[in-house]
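Pasting data-v9.json here (JSON, C-alpha atoms):
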```json
[["chain", "number", "residue", "atom", "x", "y", "z"],
["A", 15, "MET", "CA", -156.90, 26.04, 15.37],
["A", 16, "SER", "CA", -154.93, 25.29, 18.54],
["A", 17, "THR", "CA", -151.12, 25.25, 18.59],
["A", 18, "LYS", "CA", -151.19, 21.54, 19.43],
["A", 19, "LYS", "CA", -153.23, 20.72, 16.34],
["A", 20, "LYS", "CA", -151.10, 22.96, 14.15],
["A", 21, "LEU", "CA", -147.92, 21.20, 15.26],
["A", 22, "ALA", "CA", -149.15, 17.62, 14.89],
["A", 23, "ASN", "CA", -147.36, 15.70, 12.10],
["A", 24, "LYS", "CA", -144.71, 18.41, 11.67],
["A", 25, "PHE", "CA", -141.05, 17.74, 10.86],
["A", 26, "ILE", "CA", -138.71, 20.41, 12.25],
["A", 27, "VAL", "CA", -135.06, 20.28, 11.22],
["A", 28, "ILE", "CA", -131.99, 21.93, 12.76],
["A", 29, "GLU", "CA", -129.15, 22.55, 10.31],
["A", 30, "GLY", "CA", -125.71, 24.05, 10.73],
["A", 31, "LEU", "CA", -121.97, 23.62, 10.52],
["A", 32, "GLU", "CA", -119.81, 21.85, 13.09],
["A", 33, "GLY", "CA", -119.86, 23.74, 16.37],
["A", 34, "ALA", "CA", -123.07, 25.61, 15.60],
["A", 35, "GLY", "CA", -124.87, 24.04, 18.55],
["A", 36, "LYS", "CA", -127.42, 21.79, 16.86],
["A", 37, "THR", "CA", -127.71, 19.35, 19.77],
["A", 38, "THR", "CA", -128.44, 22.14, 22.24],
["A", 39, "ALA", "CA", -130.84, 23.76, 19.76],
["A", 40, "MET", "CA", -132.85, 20.54, 19.56],
["A", 41, "GLN", "CA", -133.26, 20.70, 23.32],
["A", 42, "TYR", "CA", -134.49, 24.28, 22.98],
["A", 43, "VAL", "CA", -137.11, 23.19, 20.46],
["A", 44, "GLY", "CA", -138.22, 20.41, 22.81],
["A", 45, "LYS", "CA", -138.44, 22.92, 25.66],
["A", 46, "TRP", "CA", -140.55, 25.28, 23.56],
["A", 47, "LEU", "CA", -142.86, 22.48, 22.47],
["A", 48, "ALA", "CA", -143.33, 21.49, 26.11],
["A", 49, "SER", "CA", -144.30, 25.10, 26.89],
["A", 50, "GLN", "CA", -147.01, 24.73, 24.23],
["A", 51, "GLY", "CA", -148.47, 21.72, 26.01],
["A", 52, "ILE", "CA", -146.87, 19.03, 23.83],
["A", 53, "PRO", "CA", -146.12, 15.94, 25.97],
["A", 54, "ALA", "CA", -142.66, 14.39, 25.71],
["A", 55, "HIS", "CA", -143.99, 11.12, 24.28],
["A", 56, "LYS", "CA", -145.35, 13.03, 21.26],
["A", 57, "ILE", "CA", -141.89, 14.34, 20.31],
["A", 58, "THR", "CA", -139.45, 12.19, 18.31],
["A", 59, "TYR", "CA", -135.77, 13.15, 18.04],
["A", 60, "THR", "CA", -133.59, 11.99, 15.14],
["A", 61, "ARG", "CA", -130.12, 12.62, 13.77],
["A", 62, "GLU", "CA", -128.40, 12.28, 10.40],
["A", 63, "PRO", "CA", -126.49, 10.41, 9.34],
["A", 64, "GLY", "CA", -127.73, 7.68, 11.64],
["A", 65, "GLY", "CA", -130.87, 7.51, 13.72],
["A", 66, "THR", "CA", -131.44, 3.79, 13.09],
["A", 67, "LYS", "CA", -129.30, 0.72, 13.76],
["A", 68, "LEU", "CA", -128.34, 0.41, 10.10],
["A", 69, "GLY", "CA", -127.96, 4.17, 9.78],
["A", 70, "GLU", "CA", -125.50, 4.28, 12.66],
["A", 71, "TYR", "CA", -123.27, 1.76, 10.87],
["A", 72, "MET", "CA", -123.34, 4.00, 7.81],
["A", 73, "ARG", "CA", -122.55, 7.00, 10.03],
["A", 74, "ASP", "CA", -119.45, 5.22, 11.31],
["A", 75, "ILE", "CA", -118.24, 4.63, 7.75],
["A", 76, "ILE", "CA", -118.84, 8.27, 6.81],
["A", 77, "LYS", "CA", -117.12, 9.65, 9.92],
["A", 78, "MET", "CA", -114.11, 7.37, 10.34],
["A", 79, "ASP", "CA", -110.80, 7.03, 8.55],
["A", 80, "ILE", "CA", -110.26, 3.67, 6.89],
["A", 81, "GLU", "CA", -106.64, 2.58, 6.56],
["A", 82, "ASP", "CA", -105.25, 2.58, 3.00],
["A", 83, "GLU", "CA", -108.59, 3.58, 1.47],
["A", 84, "SER", "CA", -110.37, 6.91, 1.19],
["A", 85, "LEU", "CA", -114.13, 7.23, 0.81],
["A", 86, "ASP", "CA", -115.06, 8.53, -2.62],
["A", 87, "ASP", "CA", -117.15, 11.71, -2.58],
["A", 88, "LYS", "CA", -120.03, 10.12, -4.49],
["A", 89, "ALA", "CA", -119.91, 7.05, -2.26],
["A", 90, "GLU", "CA", -120.14, 9.40, 0.73],
["A", 91, "LEU", "CA", -123.21, 11.05, -0.79],
["A", 92, "LEU", "CA", -124.87, 7.70, -1.51],
["A", 93, "LEU", "CA", -124.24, 6.54, 2.06],
["A", 94, "MET", "CA", -125.84, 9.74, 3.32],
["A", 95, "TYR", "CA", -128.97, 9.08, 1.30],
["A", 96, "ALA", "CA", -129.06, 5.38, 2.18],
["A", 97, "SER", "CA", -128.98, 6.34, 5.86],
["A", 98, "ARG", "CA", -131.56, 9.09, 5.28],
["A", 99, "VAL", "CA", -134.03, 6.82, 3.45],
["A", 100, "GLN", "CA", -133.77, 4.23, 6.21],
["A", 101, "LEU", "CA", -134.45, 6.91, 8.83],
["A", 102, "VAL", "CA", -137.34, 8.52, 6.96],
["A", 103, "GLU", "CA", -139.09, 5.26, 6.12],
["A", 104, "THR", "CA", -138.64, 3.45, 9.44],
["A", 105, "VAL", "CA", -138.68, 6.27, 11.99],
["A", 106, "ILE", "CA", -139.79, 9.68, 10.73],
["A", 107, "LYS", "CA", -142.79, 8.78, 8.60],
["A", 108, "PRO", "CA", -144.22, 6.33, 11.18],
["A", 109, "ALA", "CA", -143.80, 8.96, 13.92],
["A", 110, "LEU", "CA", -145.55, 11.62, 11.82],
["A", 111, "ALA", "CA", -148.34, 9.17, 11.02],
["A", 112, "GLN", "CA", -148.95, 8.82, 14.77],
["A", 113, "GLY", "CA", -149.28, 12.59, 15.10],
["A", 114, "ASN", "CA", -145.85, 13.10, 16.61],
["A", 115, "ILE", "CA", -143.64, 16.12, 16.06],
["A", 116, "VAL", "CA", -140.22, 15.09, 14.76],
["A", 117, "ILE", "CA", -137.13, 17.18, 15.51],
["A", 118, "GLY", "CA", -134.24, 16.28, 13.24],
["A", 119, "ASP", "CA", -130.54, 17.01, 13.61],
["A", 120, "ARG", "CA", -129.79, 17.57, 9.89],
["A", 121, "HIS", "CA", -131.70, 16.53, 6.77],
["A", 122, "ASN", "CA", -131.47, 17.15, 3.02],
["A", 123, "TYR", "CA", -129.95, 20.64, 3.24],
["A", 124, "SER", "CA", -126.81, 19.07, 4.68],
["A", 125, "SER", "CA", -126.21, 16.95, 1.57],
["A", 126, "LEU", "CA", -126.67, 19.95, -0.70],
["A", 127, "ALA", "CA", -124.35, 22.05, 1.47],
["A", 128, "TYR", "CA", -121.65, 19.51, 2.37],
["A", 129, "GLN", "CA", -121.50, 17.26, -0.67],
["A", 130, "GLY", "CA", -122.71, 19.90, -3.14],
["A", 131, "GLY", "CA", -121.02, 23.01, -1.79],
["A", 132, "GLY", "CA", -118.13, 21.56, 0.17],
["A", 133, "ARG", "CA", -117.28, 18.57, -2.04],
["A", 134, "GLY", "CA", -118.30, 20.30, -5.26],
["A", 135, "LEU", "CA", -120.56, 17.49, -6.49],
["A", 136, "ASP", "CA", -123.10, 18.36, -9.16],
["A", 137, "MET", "CA", -126.20, 19.90, -7.59],
["A", 138, "HIS", "CA", -128.48, 18.49, -10.29],
["A", 139, "PHE", "CA", -127.20, 15.01, -9.45],
["A", 140, "ILE", "CA", -127.95, 15.56, -5.75],
["A", 141, "HIS", "CA", -131.45, 16.93, -6.45],
["A", 142, "SER", "CA", -132.15, 13.94, -8.73],
["A", 143, "LEU", "CA", -130.92, 11.51, -6.08],
["A", 144, "LYS", "CA", -133.15, 13.16, -3.49],
["A", 145, "GLN", "CA", -136.18, 12.96, -5.76],
["A", 146, "LEU", "CA", -135.53, 9.31, -6.60],
["A", 147, "SER", "CA", -135.00, 8.28, -3.00],
["A", 148, "LEU", "CA", -137.39, 10.51, -1.03],
["A", 149, "GLY", "CA", -139.75, 12.07, -3.58],
["A", 150, "ASP", "CA", -141.41, 15.22, -2.27],
["A", 151, "PHE", "CA", -140.74, 14.45, 1.40],
["A", 152, "LYS", "CA", -139.11, 17.41, 3.14],
["A", 153, "ALA", "CA", -138.97, 19.33, 6.40],
["A", 154, "ASP", "CA", -141.93, 21.48, 7.36],
["A", 155, "PHE", "CA", -139.67, 24.01, 9.05],
["A", 156, "THR", "CA", -135.88, 24.39, 9.00],
["A", 157, "ILE", "CA", -133.82, 26.35, 11.50],
["A", 158, "TYR", "CA", -130.31, 27.03, 10.25],
["A", 159, "LEU", "CA", -127.76, 27.98, 12.90],
["A", 160, "ASP", "CA", -125.30, 30.25, 11.14],
["A", 161, "ILE", "CA", -121.73, 30.53, 12.36],
["A", 162, "GLU", "CA", -118.38, 31.54, 10.94],
["A", 163, "PRO", "CA", -116.59, 28.28, 10.04],
["A", 164, "SER", "CA", -113.46, 29.24, 11.98],
["A", 165, "LEU", "CA", -115.47, 29.75, 15.18],
["A", 166, "GLY", "CA", -117.49, 26.60, 14.62],
["A", 167, "LEU", "CA", -114.38, 24.49, 14.18],
["A", 168, "GLN", "CA", -112.83, 26.07, 17.26],
["A", 169, "ARG", "CA", -115.86, 24.97, 19.24],
["A", 170, "ALA", "CA", -115.73, 21.51, 17.68],
["A", 171, "ARG", "CA", -112.10, 21.10, 18.69],
["A", 172, "GLY", "CA", -113.09, 21.94, 22.24],
["A", 173, "ARG", "CA", -115.30, 18.84, 22.31],
["A", 174, "GLY", "CA", -112.34, 16.52, 21.72],
["A", 175, "GLU", "CA", -110.87, 14.57, 18.81],
["A", 176, "LEU", "CA", -112.18, 15.60, 15.38],
["A", 177, "ASP", "CA", -113.66, 13.10, 12.91],
["A", 178, "ARG", "CA", -112.82, 12.73, 9.22],
["A", 179, "ILE", "CA", -115.12, 15.53, 8.08],
["A", 180, "GLU", "CA", -114.31, 17.93, 10.92],
["A", 181, "ARG", "CA", -110.64, 17.76, 9.93],
["A", 182, "LEU", "CA", -111.30, 19.13, 6.42],
["A", 183, "ALA", "CA", -109.82, 22.49, 5.40],
["A", 184, "LEU", "CA", -111.50, 25.76, 6.35],
["A", 185, "ASP", "CA", -112.42, 26.59, 2.75],
["A", 186, "PHE", "CA", -114.53, 23.40, 2.61],
["A", 187, "PHE", "CA", -116.73, 24.75, 5.39],
["A", 188, "GLU", "CA", -116.82, 28.22, 3.86],
["A", 189, "ARG", "CA", -118.25, 26.73, 0.65],
["A", 190, "THR", "CA", -120.67, 24.66, 2.71],
["A", 191, "ARG", "CA", -121.86, 27.73, 4.59],
["A", 192, "GLU", "CA", -122.49, 29.64, 1.36],
["A", 193, "VAL", "CA", -124.87, 26.92, 0.15],
["A", 194, "PHE", "CA", -126.67, 26.78, 3.49],
["A", 195, "LEU", "CA", -127.26, 30.54, 3.38],
["A", 196, "SER", "CA", -128.48, 30.33, -0.23],
["A", 197, "LEU", "CA", -130.91, 27.50, 0.59],
["A", 198, "VAL", "CA", -132.41, 29.37, 3.54],
["A", 199, "LYS", "CA", -132.81, 32.51, 1.45],
["A", 200, "GLN", "CA", -134.81, 30.58, -1.16],
["A", 201, "ASP", "CA", -137.00, 28.64, 1.28],
["A", 202, "PRO", "CA", -140.01, 30.43, 2.85],
["A", 203, "ASN", "CA", -140.14, 27.69, 5.50],
["A", 204, "ALA", "CA", -136.55, 28.16, 6.64],
["A", 205, "VAL", "CA", -134.96, 30.72, 8.97],
["A", 206, "SER", "CA", -131.42, 31.61, 9.96],
["A", 207, "ILE", "CA", -130.22, 32.33, 13.50],
["A", 208, "ASP", "CA", -126.86, 33.76, 14.52],
["A", 209, "ALA", "CA", -125.26, 30.87, 16.40],
["A", 210, "ALA", "CA", -122.35, 33.02, 17.61],
["A", 211, "GLN", "CA", -124.66, 34.60, 20.19],
["A", 212, "THR", "CA", -124.85, 33.45, 23.80],
["A", 213, "PRO", "CA", -126.92, 30.31, 24.45],
["A", 214, "GLU", "CA", -129.60, 32.47, 26.07],
["A", 215, "GLN", "CA", -129.81, 34.71, 23.00],
["A", 216, "VAL", "CA", -129.98, 31.73, 20.64],
["A", 217, "GLU", "CA", -132.74, 30.17, 22.72],
["A", 218, "LYS", "CA", -134.74, 33.40, 22.72],
["A", 219, "ALA", "CA", -134.30, 33.83, 18.95],
["A", 220, "MET", "CA", -135.41, 30.24, 18.32],
["A", 221, "PHE", "CA", -138.53, 30.65, 20.43],
["A", 222, "LYS", "CA", -139.44, 33.79, 18.49],
["A", 223, "LYS", "CA", -138.90, 32.07, 15.11],
["A", 224, "LEU", "CA", -140.99, 29.08, 16.20],
["A", 225, "GLU", "CA", -143.81, 31.33, 17.39],
["A", 226, "CYS", "CA", -143.85, 33.23, 14.09],
["A", 227, "TRP", "CA", -143.87, 29.99, 12.10],
["A", 228, "VAL", "CA", -146.73, 28.46, 14.07],
["A", 229, "ALA", "CA", -148.71, 31.71, 13.76],
["A", 230, "SER", "CA", -148.43, 31.38, 9.97],
["A", 231, "LEU", "CA", -149.89, 27.87, 9.94],
["A", 232, "THR", "CA", -153.55, 27.41, 9.10]]
```
Show this structure as structure tokens.
Amino acid sequence: MSTKKKLANKFIVIEGLEGAGKTTAMQYVGKWLASQGIPAHKITYTREPGGTKLGEYMRDIIKMDIEDESLDDKAELLLMYASRVQLVETVIKPALAQGNIVIGDRHNYSSLAYQGGGRGLDMHFIHSLKQLSLGDFKADFTIYLDIEPSLGLQRARGRGELDRIERLALDFFERTREVFLSLVKQDPNAVSIDAAQTPEQVEKAMFKKLECWVASLT
């Protein structure tokens, strides 16, 4: 089977902490797909939270500080899934049905890592919420960009003003990272890449991981 046929209808997700380089990594994936003969119009890019008009409103609520009121941790989680369901049902699934390849900036791993690991919410509750809202839908391949939280936050600060989540304490991101690493270890369709490397090294590592994954497809 050709690489083009193998990649049709596939959902590739980039995960990672703040400052890991997810936006750049998505461009690398797009570049690699182009090298495999995939035309640009057959690639759909998404981001979470957000990715739809309604989802972007929810993203604003999640990211911003609201005067005299803090967002409850469970409310944050529910907003994440509301935004995710809207994105999956109105953008991702239709794109996959047309044979497109979807490249996502974050997906379900982020809720398990951030709200489960970082916030300390019950993992069973999160898994149940995922099953109720999305069923068995999941990424076909996940690339996790691993970085020490202190370095990631340093990079994030270099981009400008930090949002509500980026301003959380270092130990929040350390707990989040632990869950990410655990999830990747348990998932045969997920890989980890050292995001502290140079951009050229990260790009090369991603290309190699993508090639190995496609070679395993039947």
Inset, instruction - Please check which residues have atoms at most 7 Å from (-133.9, 16.1, 6.1) in the file's coordinates, counting all atoms listed in the file, and write them as number ranges by chain. - result: A: 27, 120-123, 152-153
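The spacing separating atom CA of A:Leu143 from atom CA of A:Leu93 amounts to 11.6 Å.
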Inset, instruction - Provide the atom CA of A:Ala170 to atom CA of A:Gly35 distance in Å, to one decimal place. - result: 9.5 Å
Inset, instruction - Give the answer as one residue: which of A:Gly44, A:Gly149, A:Gly113, A:Pro63 has the shortest atom-to-atom distance to A:Lys20, using all atoms listed in the file? - result: A:Gly113
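Closest approach to A:Arg133 from the set A:Met72, A:Leu148, A:Val99, A:Ala89 is made by A:Ala89, with distances taken over all atoms listed in the file.
Going from atom CA of A:Val205 over to atom CA of A:Asp160, you cover 9.9 Å.
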Inset, instruction - Would you mind telling me which residue in A:Asp82, A:Asp201, A:Glu175, A:Asp87 lies nearest to A:Ile140 when using only C-alpha atoms? - result: A:Asp87
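Among the candidates A:Val116, A:Leu126, A:Glu81, A:Ala219, the one nearest to A:His138 when counting all atoms listed in the file is A:Leu126.
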Legend entry - Test item: residues at most 9 Å from A:Met94, only C-alpha atoms, excluding those fewer than 6 positions along its chain, as a PyMOL selection string: chain A and resi 62-64+69+72-73+76+125
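With all atoms listed in the file taken into account, the protein and nucleic acid residues at most 8 Å from A:Tyr42 (excluding it and anything under 2 positions from it in its own chain) are Thr38, Ala39, Met40, Gly44, Lys45, Trp46, Glu217, Met220 and Phe221 of chain A.
The shortest atom-to-atom distance to A:Gln41, with all atoms listed in the file taken into account, belongs to A:Ile117 out of A:Leu110, A:Ile207, A:Val198, A:Ile117.
Excluding A:Tyr158 itself and same-chain residues fewer than 4 positions from it, the residues having an atom within 6 Å of it are A:Ile28, A:Glu29, A:Gly30, A:Ser206, counting all atoms listed in the file.
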Write out the residues from the selection above, keeping C-alpha atoms, as an mmCIF file, in the coordinates of the input.
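Dumped to out-v4.cif:
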```
data_model
loop_
_atom_site.group_PDB
_atom_site.id
_atom_site.type_symbol
_atom_site.label_atom_id
_atom_site.label_comp_id
_atom_site.auth_asym_id
_atom_site.auth_seq_id
_atom_site.Cartn_x
_atom_site.Cartn_y
_atom_site.Cartn_z
ATOM 1 C CA ILE A 28 -131.990 21.930 12.760
ATOM 2 C CA GLU A 29 -129.150 22.550 10.310
ATOM 3 C CA GLY A 30 -125.710 24.050 10.730
ATOM 4 C CA SER A 206 -131.420 31.610 9.960
#
```
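Of the residues listed (A:Arg169, A:Arg191, A:Lys24, A:Lys77), A:Arg191 shows the shortest atom-to-atom separation from A:Ser124; distances use only C-alpha atoms.
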Inset, instruction - May I have the residues within 12 Å of A:Leu135 as a ChimeraX atom specification, using all atoms listed in the file and disregarding those fewer than 4 positions away in the same chain? - result: /A:86-92,125-131,139-141,143,189-190
How about saving the chosen residues, C-alpha atoms kept, as a PDB file, in the frame of the given file?
```
ATOM      1  CA  ASP A  86    -115.060   8.530  -2.620  1.00  0.00           C
ATOM      2  CA  ASP A  87    -117.150  11.710  -2.580  1.00  0.00           C
ATOM      3  CA  LYS A  88    -120.030  10.120  -4.490  1.00  0.00           C
ATOM      4  CA  ALA A  89    -119.910   7.050  -2.260  1.00  0.00           C
ATOM      5  CA  GLU A  90    -120.140   9.400   0.730  1.00  0.00           C
ATOM      6  CA  LEU A  91    -123.210  11.050  -0.790  1.00  0.00           C
ATOM      7  CA  LEU A  92    -124.870   7.700  -1.510  1.00  0.00           C
ATOM      8  CA  SER A 125    -126.210  16.950   1.570  1.00  0.00           C
ATOM      9  CA  LEU A 126    -126.670  19.950  -0.700  1.00  0.00           C
ATOM     10  CA  ALA A 127    -124.350  22.050   1.470  1.00  0.00           C
ATOM     11  CA  TYR A 128    -121.650  19.510   2.370  1.00  0.00           C
ATOM     12  CA  GLN A 129    -121.500  17.260  -0.670  1.00  0.00           C
ATOM     13  CA  GLY A 130    -122.710  19.900  -3.140  1.00  0.00           C
ATOM     14  CA  GLY A 131    -121.020  23.010  -1.790  1.00  0.00           C
ATOM     15  CA  PHE A 139    -127.200  15.010  -9.450  1.00  0.00           C
ATOM     16  CA  ILE A 140    -127.950  15.560  -5.750  1.00  0.00           C
ATOM     17  CA  HIS A 141    -131.450  16.930  -6.450  1.00  0.00           C
ATOM     18  CA  LEU A 143    -130.920  11.510  -6.080  1.00  0.00           C
ATOM     19  CA  ARG A 189    -118.250  26.730   0.650  1.00  0.00           C
ATOM     20  CA  THR A 190    -120.670  24.660   2.710  1.00  0.00           C
TER      21      THR A 190
END
```
Legend entry - Sel. within 6 Å of pt (-141.6, 25.2, 6.5), counting only C-alpha atoms, output as a PyMOL selection string: chain A and resi 154-155+203-204
Residue completion, stretch 121-142 of chain A, N, CA, C and O atoms, as a JSON list (two decimals), in the coordinates of the input:
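The result, written out as result-v5.json:
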```json
[["chain", "number", "residue", "atom", "x", "y", "z"],
["A", 121, "HIS", "N", -130.90, 17.24, 7.77],
["A", 121, "HIS", "CA", -131.70, 16.53, 6.77],
["A", 121, "HIS", "C", -131.12, 16.86, 5.39],
["A", 121, "HIS", "O", -129.90, 17.00, 5.27],
["A", 122, "ASN", "N", -131.95, 17.05, 4.40],
["A", 122, "ASN", "CA", -131.47, 17.15, 3.02],
["A", 122, "ASN", "C", -130.58, 18.35, 2.75],
["A", 122, "ASN", "O", -129.67, 18.28, 1.91],
["A", 123, "TYR", "N", -130.80, 19.47, 3.44],
["A", 123, "TYR", "CA", -129.95, 20.64, 3.24],
["A", 123, "TYR", "C", -128.48, 20.30, 3.45],
["A", 123, "TYR", "O", -127.60, 20.86, 2.79],
["A", 124, "SER", "N", -128.21, 19.40, 4.38],
["A", 124, "SER", "CA", -126.81, 19.07, 4.68],
["A", 124, "SER", "C", -126.11, 18.42, 3.49],
["A", 124, "SER", "O", -124.93, 18.68, 3.25],
["A", 125, "SER", "N", -126.82, 17.58, 2.75],
["A", 125, "SER", "CA", -126.21, 16.95, 1.57],
["A", 125, "SER", "C", -125.92, 17.99, 0.49],
["A", 125, "SER", "O", -124.87, 17.97, -0.15],
["A", 126, "LEU", "N", -126.88, 18.90, 0.29],
["A", 126, "LEU", "CA", -126.67, 19.95, -0.70],
["A", 126, "LEU", "C", -125.49, 20.85, -0.30],
["A", 126, "LEU", "O", -124.69, 21.25, -1.14],
["A", 127, "ALA", "N", -125.40, 21.15, 1.00],
["A", 127, "ALA", "CA", -124.35, 22.05, 1.47],
["A", 127, "ALA", "C", -122.99, 21.37, 1.56],
["A", 127, "ALA", "O", -121.98, 21.90, 1.08],
["A", 128, "TYR", "N", -122.93, 20.20, 2.16],
["A", 128, "TYR", "CA", -121.65, 19.51, 2.37],
["A", 128, "TYR", "C", -121.14, 18.83, 1.10],
["A", 128, "TYR", "O", -119.99, 19.05, 0.70],
["A", 129, "GLN", "N", -121.97, 17.98, 0.52],
["A", 129, "GLN", "CA", -121.50, 17.26, -0.67],
["A", 129, "GLN", "C", -121.59, 18.14, -1.93],
["A", 129, "GLN", "O", -120.75, 18.02, -2.81],
["A", 130, "GLY", "N", -122.60, 19.01, -2.00],
["A", 130, "GLY", "CA", -122.71, 19.90, -3.14],
["A", 130, "GLY", "C", -121.78, 21.09, -3.05],
["A", 130, "GLY", "O", -120.97, 21.34, -3.94],
["A", 131, "GLY", "N", -121.88, 21.84, -1.96],
["A", 131, "GLY", "CA", -121.02, 23.01, -1.79],
["A", 131, "GLY", "C", -119.60, 22.66, -1.40],
["A", 131, "GLY", "O", -118.64, 23.04, -2.07],
["A", 132, "GLY", "N", -119.46, 21.91, -0.31],
["A", 132, "GLY", "CA", -118.13, 21.56, 0.17],
["A", 132, "GLY", "C", -117.36, 20.66, -0.75],
["A", 132, "GLY", "O", -116.21, 20.95, -1.14],
["A", 133, "ARG", "N", -117.95, 19.54, -1.16],
["A", 133, "ARG", "CA", -117.28, 18.57, -2.04],
["A", 133, "ARG", "C", -117.29, 19.01, -3.50],
["A", 133, "ARG", "O", -116.47, 18.53, -4.29],
["A", 134, "GLY", "N", -118.24, 19.84, -3.87],
["A", 134, "GLY", "CA", -118.30, 20.30, -5.26],
["A", 134, "GLY", "C", -119.00, 19.33, -6.19],
["A", 134, "GLY", "O", -118.83, 19.41, -7.41],
["A", 135, "LEU", "N", -119.81, 18.41, -5.63],
["A", 135, "LEU", "CA", -120.56, 17.49, -6.49],
["A", 135, "LEU", "C", -121.68, 18.24, -7.20],
["A", 135, "LEU", "O", -122.17, 19.27, -6.73],
["A", 136, "ASP", "N", -122.09, 17.71, -8.34],
["A", 136, "ASP", "CA", -123.10, 18.36, -9.16],
["A", 136, "ASP", "C", -124.44, 18.46, -8.42],
["A", 136, "ASP", "O", -124.99, 17.46, -7.97],
["A", 137, "MET", "N", -124.95, 19.68, -8.31],
["A", 137, "MET", "CA", -126.20, 19.90, -7.59],
["A", 137, "MET", "C", -127.38, 19.20, -8.25],
["A", 137, "MET", "O", -128.29, 18.69, -7.58],
["A", 138, "HIS", "N", -127.39, 19.17, -9.58],
["A", 138, "HIS", "CA", -128.48, 18.49, -10.29],
["A", 138, "HIS", "C", -128.49, 17.01, -9.93],
["A", 138, "HIS", "O", -129.56, 16.41, -9.74],
["A", 139, "PHE", "N", -127.32, 16.42, -9.83],
["A", 139, "PHE", "CA", -127.20, 15.01, -9.45],
["A", 139, "PHE", "C", -127.78, 14.79, -8.05],
["A", 139, "PHE", "O", -128.52, 13.82, -7.81],
["A", 140, "ILE", "N", -127.46, 15.70, -7.12],
["A", 140, "ILE", "CA", -127.95, 15.56, -5.75],
["A", 140, "ILE", "C", -129.47, 15.72, -5.71],
["A", 140, "ILE", "O", -130.18, 14.95, -5.05],
["A", 141, "HIS", "N", -129.99, 16.73, -6.41],
["A", 141, "HIS", "CA", -131.45, 16.93, -6.45],
["A", 141, "HIS", "C", -132.15, 15.70, -7.05],
["A", 141, "HIS", "O", -133.21, 15.28, -6.57],
["A", 142, "SER", "N", -131.56, 15.12, -8.09],
["A", 142, "SER", "CA", -132.15, 13.94, -8.73],
["A", 142, "SER", "C", -132.14, 12.75, -7.77],
["A", 142, "SER", "O", -133.12, 12.00, -7.69]]
```
